[in-house]
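Next comes my_file.tsv, with TSV, C-alpha atoms.
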chain	number	residue	atom	x	y	z
W	1	MET	CA	0.00	0.00	0.00
W	2	THR	CA	1.41	3.38	-0.96
W	3	VAL	CA	0.45	6.21	1.38
W	4	ALA	CA	-0.27	9.62	-0.05
W	5	GLY	CA	2.40	12.17	0.88
W	6	GLY	CA	1.88	13.60	4.34
W	7	GLY	CA	-0.98	11.20	5.17
W	8	TRP	CA	0.59	9.97	8.38
W	9	ALA	CA	1.57	13.51	9.34
W	10	ARG	CA	-2.02	14.72	9.00
W	11	GLY	CA	-3.23	11.82	11.13
W	12	ALA	CA	-0.61	12.49	13.79
W	13	LEU	CA	-1.46	16.21	13.85
W	14	ALA	CA	-5.18	15.46	14.16
W	15	ALA	CA	-4.54	13.08	17.07
W	16	LEU	CA	-2.38	15.67	18.81
W	17	LEU	CA	-4.94	18.44	18.34
W	18	LEU	CA	-7.72	16.20	19.66
W	19	GLY	CA	-5.58	15.35	22.67
W	20	SER	CA	-4.88	19.00	23.36
W	21	ALA	CA	-8.54	19.96	23.00
W	22	ALA	CA	-9.53	17.21	25.44
W	23	ALA	CA	-6.90	18.13	28.03
W	24	ALA	CA	-8.82	21.03	29.61
W	25	PRO	CA	-12.12	19.22	30.27
W	26	LEU	CA	-10.27	16.12	31.45
W	27	SER	CA	-8.26	18.15	33.93
W	28	ALA	CA	-11.40	19.91	35.11
W	29	ALA	CA	-13.02	16.55	35.74
W	30	GLY	CA	-10.03	15.44	37.82
W	31	ALA	CA	-8.63	13.03	35.21
W	32	ASP	CA	-5.00	12.45	34.34
W	33	TRP	CA	-4.00	12.65	30.70
W	34	SER	CA	-0.78	12.18	28.79
W	35	ALA	CA	0.61	12.04	25.27
W	36	ARG	CA	3.67	10.53	23.70
W	37	LEU	CA	5.32	11.65	20.45
W	38	ALA	CA	8.23	9.70	19.01
W	39	PHE	CA	10.20	9.31	15.80
W	40	GLU	CA	12.36	6.29	15.09
W	41	GLU	CA	14.58	5.48	12.13
W	42	ARG	CA	14.99	1.78	11.40
W	43	TYR	CA	17.19	-0.32	9.14
W	44	ASP	CA	15.89	-3.75	8.03
W	45	ASP	CA	18.22	-6.02	6.05
W	46	ASN	CA	15.48	-8.38	4.75
W	47	ILE	CA	12.19	-6.51	4.47
W	48	THR	CA	10.11	-9.38	3.02
W	49	GLN	CA	11.93	-12.21	4.84
W	50	LEU	CA	13.39	-13.81	1.70
W	51	SER	CA	15.27	-17.11	1.77
W	52	SER	CA	18.84	-17.30	0.46
W	53	ARG	CA	17.49	-18.74	-2.82
W	54	ASP	CA	15.03	-15.85	-3.19
W	55	LEU	CA	17.75	-13.32	-2.36
W	56	ASP	CA	19.85	-14.77	-5.18
W	57	ASP	CA	16.85	-14.51	-7.52
W	58	LEU	CA	16.28	-10.90	-6.50
W	59	ALA	CA	19.90	-10.06	-7.30
W	60	ARG	CA	19.63	-11.87	-10.64
W	61	LEU	CA	16.14	-10.80	-11.78
W	62	GLY	CA	15.83	-7.40	-10.16
W	63	GLY	CA	12.54	-6.13	-8.81
W	64	GLY	CA	10.10	-3.26	-8.71
W	65	THR	CA	7.92	-4.59	-11.55
W	66	GLY	CA	5.15	-6.40	-9.69
W	67	LEU	CA	1.48	-6.32	-10.54
W	68	GLY	CA	-1.44	-5.76	-8.19
W	69	CYS	CA	-4.66	-7.72	-8.05
W	70	GLY	CA	-6.77	-5.53	-10.31
W	71	SER	CA	-9.58	-7.24	-12.20
W	72	GLY	CA	-9.32	-7.56	-15.97
W	73	SER	CA	-5.52	-7.60	-16.14
W	74	THR	CA	-4.14	-9.49	-19.14
W	75	ASP	CA	-0.49	-9.28	-18.10
W	76	THR	CA	0.86	-12.85	-18.16
W	77	THR	CA	4.37	-11.92	-16.98
W	78	ASP	CA	5.46	-13.74	-13.84
W	79	HIS	CA	6.54	-10.84	-11.61
W	80	LYS	CA	8.43	-12.44	-8.71
W	81	PHE	CA	9.39	-9.22	-6.91
W	82	SER	CA	7.79	-5.81	-6.41
W	83	ILE	CA	10.51	-4.64	-4.03
W	84	THR	CA	13.61	-3.00	-5.49
W	85	GLY	CA	16.09	-4.38	-2.96
W	86	ARG	CA	16.36	-6.73	0.01
W	87	ASP	CA	16.93	-3.99	2.62
W	88	ASP	CA	15.58	-0.54	3.41
W	89	PHE	CA	15.47	2.35	5.87
W	90	ILE	CA	12.10	2.92	7.53
W	91	ALA	CA	10.87	6.15	9.11
W	92	ASN	CA	8.49	5.45	12.00
W	93	PRO	CA	6.55	8.41	13.50
W	94	GLN	CA	4.38	7.49	16.50
W	95	VAL	CA	1.60	9.24	18.41
W	96	SER	CA	0.00	7.95	21.61
W	97	ALA	CA	-2.59	9.58	23.85
W	98	GLY	CA	-4.08	8.33	27.09
W	99	ALA	CA	-6.42	9.42	29.88
W	100	ARG	CA	-7.29	8.07	33.32
W	101	THR	CA	-10.75	9.10	34.45
W	102	THR	CA	-11.92	9.19	38.05
W	103	TRP	CA	-15.63	8.50	37.60
W	104	LEU	CA	-15.24	5.33	39.73
W	105	ASP	CA	-13.84	6.27	43.11
W	106	GLY	CA	-10.49	4.58	43.68
W	107	ARG	CA	-10.76	2.59	40.43
W	108	PRO	CA	-9.60	4.88	37.58
W	109	THR	CA	-10.49	3.82	34.05
W	110	ALA	CA	-7.63	4.16	31.55
W	111	ILE	CA	-8.27	4.80	27.84
W	112	GLY	CA	-5.51	4.86	25.25
W	113	PHE	CA	-5.07	5.47	21.53
W	114	ASP	CA	-1.93	4.65	19.54
W	115	LEU	CA	-1.01	5.43	15.94
W	116	SER	CA	2.18	4.40	14.18
W	117	ALA	CA	3.22	4.79	10.53
W	118	TYR	CA	5.98	2.96	8.68
W	119	GLN	CA	7.44	4.76	5.63
W	120	TYR	CA	9.97	2.81	3.55
W	121	ALA	CA	12.58	4.95	1.79
W	122	GLY	CA	13.12	2.76	-1.27
W	123	ASN	CA	10.11	0.42	-1.28
W	124	PRO	CA	6.90	2.43	-0.76
W	125	ILE	CA	4.82	-0.68	-1.53
W	126	LYS	CA	5.74	-1.77	2.03
W	127	ASN	CA	4.31	1.38	3.68
W	128	TYR	CA	1.62	0.69	6.28
W	129	GLN	CA	-0.07	2.12	9.38
W	130	TRP	CA	-0.98	0.54	12.71
W	131	TYR	CA	-3.74	1.73	15.08
W	132	ARG	CA	-4.78	0.59	18.54
W	133	LEU	CA	-7.60	1.57	20.90
W	134	SER	CA	-7.44	0.22	24.45
W	135	ILE	CA	-9.30	0.46	27.75
W	136	SER	CA	-8.52	-0.97	31.20
W	137	GLN	CA	-10.54	-1.08	34.43
W	138	PRO	CA	-9.40	-2.05	37.95
W	139	LEU	CA	-12.04	-4.09	39.77
W	140	ARG	CA	-10.93	-3.48	43.37
W	141	ARG	CA	-10.07	-0.40	45.35
W	142	SER	CA	-7.52	-2.26	47.47
W	143	LYS	CA	-3.86	-1.55	46.69
W	144	GLY	CA	-2.92	-5.17	47.33
W	145	HIS	CA	-3.85	-8.20	45.19
W	146	GLY	CA	-5.48	-5.91	42.62
W	147	THR	CA	-7.37	-7.19	39.60
W	148	THR	CA	-7.54	-5.27	36.32
W	149	LEU	CA	-9.50	-6.09	33.17
W	150	SER	CA	-8.49	-4.62	29.83
W	151	ALA	CA	-9.52	-4.81	26.18
W	152	SER	CA	-7.94	-3.58	22.96
W	153	PHE	CA	-8.59	-3.43	19.24
W	154	GLU	CA	-5.79	-3.23	16.65
W	155	LEU	CA	-6.02	-2.43	12.96
W	156	VAL	CA	-3.58	-2.57	10.04
W	157	PRO	CA	-5.63	-1.30	7.04
W	158	SER	CA	-3.32	-2.77	4.40
W	159	PHE	CA	-0.03	-4.68	4.53
W	160	TYR	CA	2.03	-5.95	1.59
W	161	LEU	CA	3.38	-9.43	2.25
W	162	ARG	CA	5.21	-10.43	-0.98
W	163	ASN	CA	4.42	-11.60	-4.52
W	164	LEU	CA	2.75	-15.03	-4.61
W	165	ARG	CA	1.25	-17.22	-7.31
W	166	SER	CA	-2.41	-16.34	-7.76
W	167	ASP	CA	-4.82	-19.18	-8.54
W	168	ARG	CA	-7.56	-16.69	-9.34
W	169	THR	CA	-5.44	-14.92	-11.96
W	170	GLY	CA	-4.39	-18.28	-13.41
W	171	GLU	CA	-8.02	-19.28	-13.89
W	172	GLU	CA	-8.94	-15.97	-15.52
W	173	LEU	CA	-6.10	-16.06	-18.08
W	174	PRO	CA	-5.59	-19.23	-17.79
W	175	LEU	CA	-1.93	-20.23	-17.28
W	176	VAL	CA	0.00	-23.10	-15.71
W	177	PRO	CA	1.72	-22.31	-13.46
W	178	PRO	CA	-0.38	-19.27	-12.54
W	179	PRO	CA	1.43	-15.90	-12.52
W	180	ARG	CA	2.42	-14.10	-9.37
W	181	ARG	CA	0.57	-11.09	-8.02
W	182	GLU	CA	1.06	-8.75	-5.05
W	183	ALA	CA	-0.41	-10.30	-1.88
W	184	THR	CA	-1.85	-7.73	0.55
W	185	TYR	CA	-4.18	-8.08	3.51
W	186	ARG	CA	-6.12	-6.15	6.13
W	187	LYS	CA	-5.56	-7.24	9.72
W	188	GLU	CA	-7.85	-6.77	12.74
W	189	ALA	CA	-7.18	-8.08	16.25
W	190	THR	CA	-9.37	-7.98	19.36
W	191	GLN	CA	-7.93	-8.89	22.75
W	192	PHE	CA	-9.11	-9.24	26.37
W	193	ARG	CA	-6.78	-9.52	29.37
W	194	ILE	CA	-6.94	-10.03	33.12
W	195	ASP	CA	-4.07	-8.74	35.24
W	196	GLN	CA	-4.04	-10.34	38.69
W	197	GLU	CA	-1.56	-9.40	41.40
W	198	ILE	CA	-0.50	-12.49	43.36
W	199	LEU	CA	2.17	-11.08	45.69
W	200	THR	CA	1.78	-7.36	46.35
W	201	GLY	CA	4.33	-5.41	44.32
W	202	ARG	CA	6.28	-8.51	43.32
W	203	LEU	CA	4.38	-11.16	41.34
W	204	ARG	CA	1.56	-10.84	38.78
W	205	PHE	CA	-0.29	-13.14	36.42
W	206	LEU	CA	-1.63	-11.97	33.06
W	207	GLY	CA	-4.17	-14.06	31.17
W	208	THR	CA	-5.01	-13.10	27.58
W	209	LEU	CA	-7.63	-14.24	25.08
W	210	GLY	CA	-7.90	-12.79	21.60
W	211	VAL	CA	-8.58	-13.32	17.92
W	212	GLU	CA	-6.77	-12.04	14.84
W	213	GLU	CA	-8.42	-11.88	11.41
W	214	ARG	CA	-6.76	-11.30	8.05
W	215	ASN	CA	-8.61	-10.49	4.83
W	216	TYR	CA	-6.47	-10.82	1.69
W	217	ASN	CA	-7.13	-9.23	-1.67
W	218	ARG	CA	-9.32	-11.21	-4.07
W	219	CYS	CA	-6.37	-12.98	-5.73
W	220	PHE	CA	-5.61	-14.76	-2.45
W	221	ASP	CA	-8.99	-15.48	-0.87
W	222	GLU	CA	-7.75	-18.93	0.15
W	223	ARG	CA	-5.41	-17.23	2.63
W	224	ASP	CA	-8.15	-15.35	4.51
W	225	SER	CA	-7.86	-16.49	8.11
W	226	ARG	CA	-9.15	-16.33	11.64
W	227	MET	CA	-6.71	-17.03	14.47
W	228	PRO	CA	-7.89	-17.32	18.09
W	229	TYR	CA	-5.11	-17.28	20.66
W	230	GLU	CA	-4.54	-17.50	24.39
W	231	GLN	CA	-1.54	-16.50	26.47
W	232	GLY	CA	-0.42	-16.67	30.08
W	233	ASP	CA	2.35	-14.51	31.60
W	234	LEU	CA	4.09	-14.44	34.96
W	235	VAL	CA	5.78	-11.14	35.83
W	236	TRP	CA	8.21	-11.15	38.77
W	237	ASP	CA	9.65	-8.02	40.39
W	238	PRO	CA	12.06	-9.49	42.98
W	239	LEU	CA	12.96	-6.10	44.51
W	240	GLY	CA	9.41	-4.73	44.57
W	241	ASP	CA	10.44	-1.36	43.14
W	242	GLN	CA	10.43	-1.89	39.31
W	243	ARG	CA	14.23	-1.79	39.10
W	244	LEU	CA	14.46	-5.44	38.09
W	245	ARG	CA	11.77	-7.43	36.31
W	246	PHE	CA	11.54	-10.90	34.80
W	247	ARG	CA	8.74	-12.15	32.59
W	248	ILE	CA	7.88	-15.51	31.04
W	249	SER	CA	4.95	-16.25	28.74
W	250	LEU	CA	3.31	-19.22	27.04
W	251	ARG	CA	1.11	-18.63	24.01
W	252	ARG	CA	-0.99	-20.88	21.75
W	253	GLU	CA	-2.28	-19.70	18.35
W	254	ASP	CA	-4.61	-21.70	16.07
W	255	LEU	CA	-4.81	-20.20	12.59
W	256	HIS	CA	-7.70	-21.41	10.44
W	257	ALA	CA	-7.55	-20.53	6.74
W	258	LEU	CA	-11.14	-19.65	5.83
W	259	GLY	CA	-10.73	-19.86	2.07
W	260	ALA	CA	-8.88	-23.18	1.74
W	261	GLY	CA	-10.70	-25.72	-0.39
W	262	LEU	CA	-12.67	-23.25	-2.53
W	263	GLY	CA	-12.30	-25.60	-5.49
W	264	THR	CA	-10.21	-23.96	-8.23
W	265	ILE	CA	-8.45	-25.99	-10.91
W	266	PHE	CA	-5.26	-25.56	-8.87
W	267	THR	CA	-4.35	-27.05	-5.50
W	268	GLU	CA	-5.34	-24.49	-2.86
W	269	ASP	CA	-2.68	-23.30	-0.41
W	270	ASP	CA	-3.81	-24.12	3.13
W	271	VAL	CA	-1.88	-21.87	5.51
W	272	SER	CA	-3.70	-23.22	8.58
W	273	SER	CA	-1.27	-23.86	11.44
W	274	ARG	CA	-0.94	-24.44	15.14
W	275	ARG	CA	1.66	-22.33	16.93
W	276	ASP	CA	3.20	-22.80	20.38
W	277	ILE	CA	5.28	-19.84	21.55
W	278	VAL	CA	7.52	-19.55	24.61
W	279	ALA	CA	8.97	-16.16	25.45
W	280	GLY	CA	10.91	-14.56	28.27
W	281	ASP	CA	12.53	-11.25	28.99
W	282	ALA	CA	14.58	-9.50	31.64
W	283	ARG	CA	14.44	-5.76	32.26
W	284	VAL	CA	16.60	-3.57	34.48
W	285	ARG	CA	16.10	0.11	35.37
W	286	TRP	CA	18.50	2.46	37.09
W	287	GLY	CA	19.03	6.16	37.73
W	288	LYS	CA	17.10	8.97	39.37
W	289	LYS	CA	13.46	9.69	38.60
W	290	GLY	CA	13.16	11.64	35.35
W	291	ARG	CA	16.64	10.56	34.25
W	292	GLN	CA	16.21	6.79	34.35
W	293	LYS	CA	17.69	4.27	31.96
W	294	MET	CA	16.13	0.95	30.99
W	295	LEU	CA	17.70	-2.10	29.34
W	296	ARG	CA	15.58	-5.06	28.16
W	297	LEU	CA	16.51	-8.43	26.68
W	298	HIS	CA	13.73	-10.49	25.05
W	299	TYR	CA	13.87	-14.01	23.61
W	300	GLU	CA	11.05	-15.87	21.86
W	301	THR	CA	10.85	-19.27	20.21
W	302	GLU	CA	7.93	-20.54	18.15
W	303	ALA	CA	7.05	-24.06	16.97
W	304	ARG	CA	4.69	-23.70	13.99
W	305	ASP	CA	3.07	-26.88	12.66
W	306	TYR	CA	1.00	-26.62	9.48
W	307	THR	CA	-2.24	-28.62	9.55
W	308	SER	CA	-3.03	-29.02	5.84
W	309	ALA	CA	-4.61	-32.43	5.16
W	310	ASP	CA	-4.00	-32.30	1.38
W	311	PRO	CA	-0.83	-34.14	0.22
W	312	ASN	CA	-1.00	-32.13	-3.03
W	313	ASP	CA	-0.34	-28.94	-1.03
W	314	ARG	CA	3.39	-29.62	-1.18
W	315	PHE	CA	4.45	-26.50	0.67
W	316	HIS	CA	2.24	-26.97	3.74
W	317	PHE	CA	1.44	-30.69	4.09
W	318	GLU	CA	3.36	-32.11	7.10
W	319	ARG	CA	5.47	-28.97	7.23
W	320	ASN	CA	6.79	-27.49	10.45
W	321	ASP	CA	8.73	-24.29	11.12
W	322	ARG	CA	10.90	-23.18	14.02
W	323	ARG	CA	11.15	-19.44	14.52
W	324	ARG	CA	13.28	-17.42	16.92
W	325	TYR	CA	13.26	-13.73	17.84
W	326	VAL	CA	15.90	-11.99	20.00
W	327	THR	CA	15.63	-8.30	20.94
W	328	LEU	CA	17.90	-6.00	22.95
W	329	ALA	CA	16.41	-2.56	23.70
W	330	LEU	CA	17.65	0.53	25.56
W	331	GLN	CA	15.75	3.66	26.65
W	332	ILE	CA	17.38	6.71	28.19
W	333	ASP	CA	15.19	9.37	29.81
W	334	LEU	CA	16.44	12.90	29.31
W	335	SER	CA	15.24	16.03	31.07
W	336	LYS	CA	11.75	17.54	30.75
W	337	GLY	CA	10.01	14.54	29.18
W	338	TRP	CA	12.48	13.78	26.37
W	339	PHE	CA	13.88	10.29	25.83
W	340	LEU	CA	16.14	8.33	23.49
W	341	THR	CA	15.66	4.75	22.30
W	342	ALA	CA	17.89	2.17	20.62
W	343	GLU	CA	17.05	-1.39	19.66
W	344	GLY	CA	18.44	-4.36	17.80
W	345	GLU	CA	16.50	-7.45	16.75
W	346	ARG	CA	17.47	-10.76	15.15
W	347	ASP	CA	14.72	-12.94	13.61
W	348	SER	CA	15.15	-16.32	11.97
W	349	ASN	CA	13.10	-19.25	10.66
W	350	ARG	CA	13.91	-22.78	9.59
W	351	SER	CA	11.33	-24.83	7.67
W	352	HIS	CA	11.17	-28.61	7.56
W	353	PHE	CA	9.32	-30.51	4.81
W	354	PRO	CA	8.58	-34.23	4.37
W	355	PRO	CA	10.97	-36.13	2.05
W	356	ALA	CA	8.34	-36.21	-0.73
W	357	ALA	CA	8.45	-32.41	-0.99
W	358	LEU	CA	12.22	-32.12	-1.28
W	359	GLY	CA	13.55	-31.03	-4.66
W	360	VAL	CA	10.26	-29.61	-5.92
W	361	THR	CA	9.73	-25.99	-6.94
W	362	PRO	CA	10.64	-23.69	-4.02
W	363	ALA	CA	7.78	-22.64	-1.76
W	364	GLU	CA	6.09	-19.32	-2.56
W	365	ASP	CA	5.59	-18.16	1.01
W	366	THR	CA	8.06	-17.60	3.83
W	367	THR	CA	10.51	-20.45	4.48
W	368	ASP	CA	14.10	-20.19	5.77
W	369	TYR	CA	15.20	-16.62	6.40
W	370	ASP	CA	17.38	-14.44	8.61
W	371	GLU	CA	16.48	-10.83	9.35
W	372	ASN	CA	18.28	-8.14	11.34
W	373	LEU	CA	16.73	-4.84	12.42
W	374	TYR	CA	18.39	-1.83	14.05
W	375	GLN	CA	16.68	1.36	15.13
W	376	PHE	CA	17.26	4.62	16.99
W	377	GLY	CA	14.64	7.11	18.13
W	378	LEU	CA	13.81	10.31	19.95
W	379	GLY	CA	10.58	10.96	21.82
W	380	TYR	CA	8.72	13.31	24.13
W	381	VAL	CA	6.11	12.59	26.81
W	382	PHE	CA	3.92	15.30	28.31
W	383	GLY	CA	0.70	15.67	30.29
W	384	SER	CA	-0.51	15.24	33.85
W	385	GLY	CA	-0.46	11.40	33.80
W	386	ALA	CA	2.44	9.01	34.08
W	387	SER	CA	2.00	7.13	30.78
W	388	ALA	CA	0.82	7.64	27.23
W	389	GLY	CA	-1.41	5.18	25.44
W	390	GLY	CA	-1.02	1.43	25.37
W	391	GLY	CA	2.64	1.12	24.37
W	392	ARG	CA	4.67	0.69	21.21
W	393	ALA	CA	3.54	-0.94	18.01
W	394	PRO	CA	5.03	-4.21	16.80
W	395	VAL	CA	7.83	-3.97	14.25
W	396	ALA	CA	5.59	-5.53	11.59
W	397	PRO	CA	2.72	-8.01	11.42
W	398	ARG	CA	4.20	-11.50	11.47
W	399	ASP	CA	3.37	-13.80	8.59
Please go through the file and, once you have read it, give me the structure as structure tokens.
Amino acid sequence: MTVAGGGWARGALAALLLGSAAAAPLSAAGADWSARLAFEERYDDNITQLSSRDLDDLARLGGGTGLGCGSGSTDTTDHKFSITGRDDFIANPQVSAGARTTWLDGRPTAIGFDLSAYQYAGNPIKNYQWYRLSISQPLRRSKGHGTTLSASFELVPSFYLRNLRSDRTGEELPLVPPPRREATYRKEATQFRIDQEILTGRLRFLGTLGVEERNYNRCFDERDSRMPYEQGDLVWDPLGDQRLRFRISLRREDLHALGAGLGTIFTEDDVSSRRDIVAGDARVRWGKKGRQKMLRLHYETEARDYTSADPNDRFHFERNDRRRYVTLALQIDLSKGWFLTAEGERDSNRSHFPPAALGVTPAEDTTDYDENLYQFGLGYVFGSGASAGGGRAPVAPRD
């Protein structure tokens, strides 16, 4: 999706103006409010998570000549790449706004809104925006063993994945094998969470239920999906003062491809999968209030088993992937609400296929890849509250 020039800037300005206009009545009502503005510059060395074979093809064939999923196209060229290069620099402006109302005595309701845009310098087809609306409500007035319920809704209006073979286009032309087209989707996610304090100030449990839905363009209806998920986290603060924190989480995702088996002349891709994810992180804070520094190390491993029952679906039948994500992040608070951020992330995947699938045409979707991301940012927090919105956006929707 290509964003019209200045589109994200207009959205950010509108959010800021709305936040400023709401500040006076919120303060009059006794509510806390806050806002967070940030700008990060990121470098990604593999923006569409290409395998080593695909990277060689990109260097050999070149890119930037892909074709969208418009109806009536008679172009029979097999455009493998719409990107112009494997890597890119990404500008990432962010706006968050939050308010804590006091209409329930001793149980303030928190409402947050987050907006983040991703602008690729050399590959505008990868541009996308991310939005989140969240609300949380404590259930008890007691300071100990508190219980908080929260809900959130996330939206990515359009995200370019990569060029894939389109069965629909192949039927309309028709061609064997079918030509590739640009695969894009809209993503929505709804989530509910309970945050239960077990040991006052030291140990908490977070339970999460949610569902993610993806709606692909018409050329890839077989990839439309619905993915319910559940997650449990334990958060331990051994010192009881937020200086040191450990967190471990277990997550299960069950992705069901809604369009698989629609009955074209080609074998339908069935991207249905079951995913078990184990993650942990350690965070340390130090320094005086207002000038604190924070360092966080995060590690995540995912076992993804595809559940296609069709042996003709060579790229998903009895396939399993093992993914790993490692992140090291630093934040330095400066004076008067300013802060600096720096982050590095290493992502990797290894796919395993049954012997019958070895040696066939390479898979169209993501297989083995390595990806490194580095980013630096500057931000500013202001307002009468202690936080702004519901937190940072993910680096990118994960395939």
Name all residues at most 10 Å from Gly377 of chain W (count all atoms listed in the file; drop same-chain ones fewer than 5 positions away) and give them as a PDB file with C-alpha atoms, keeping the file's coordinate frame.
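Heads up, here's the output in selection14.pdb:
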ATOM      1  CA  ALA W  38       8.230   9.700  19.010  1.00  0.00           C
ATOM      2  CA  PHE W  39      10.200   9.310  15.800  1.00  0.00           C
ATOM      3  CA  GLU W  40      12.360   6.290  15.090  1.00  0.00           C
ATOM      4  CA  GLU W  41      14.580   5.480  12.130  1.00  0.00           C
ATOM      5  CA  ARG W  42      14.990   1.780  11.400  1.00  0.00           C
ATOM      6  CA  ALA W  91      10.870   6.150   9.110  1.00  0.00           C
ATOM      7  CA  ASN W  92       8.490   5.450  12.000  1.00  0.00           C
ATOM      8  CA  PRO W  93       6.550   8.410  13.500  1.00  0.00           C
ATOM      9  CA  GLN W 331      15.750   3.660  26.650  1.00  0.00           C
ATOM     10  CA  PHE W 339      13.880  10.290  25.830  1.00  0.00           C
ATOM     11  CA  LEU W 340      16.140   8.330  23.490  1.00  0.00           C
ATOM     12  CA  THR W 341      15.660   4.750  22.300  1.00  0.00           C
ATOM     13  CA  ALA W 342      17.890   2.170  20.620  1.00  0.00           C
ATOM     14  CA  GLU W 343      17.050  -1.390  19.660  1.00  0.00           C
TER      15      GLU W 343
END
Could you pull the residues within 9 Å of Leu334 of chain W, counting all atoms listed in the file, minus those fewer than 6 positions along the same chain, as a PyMOL selection string? chain W and resi 290-292+340
Nearest residue to Trp286 of chain W from the set W:Arg251, W:Arg304, W:Arg245, W:Arg140 (distances using all atoms listed in the file):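 The closest residue to Trp286 of chain W is W:Arg245.
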What's the 7 Å shell around Phe81 of chain W, counting all atoms listed in the file, without same-chain residues fewer than 3 positions away, as a list in words?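 My list of contacting residues is Gly63, Gly64, Thr65, Gly66 and Asn163 of chain W.
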When you count only C-alpha atoms, which of these residues is closest to Arg350 of chain W: W:Ser51, W:Val271, W:Arg107, W:Thr327?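 Selected residue with least distance to Arg350 of chain W: W:Ser51.
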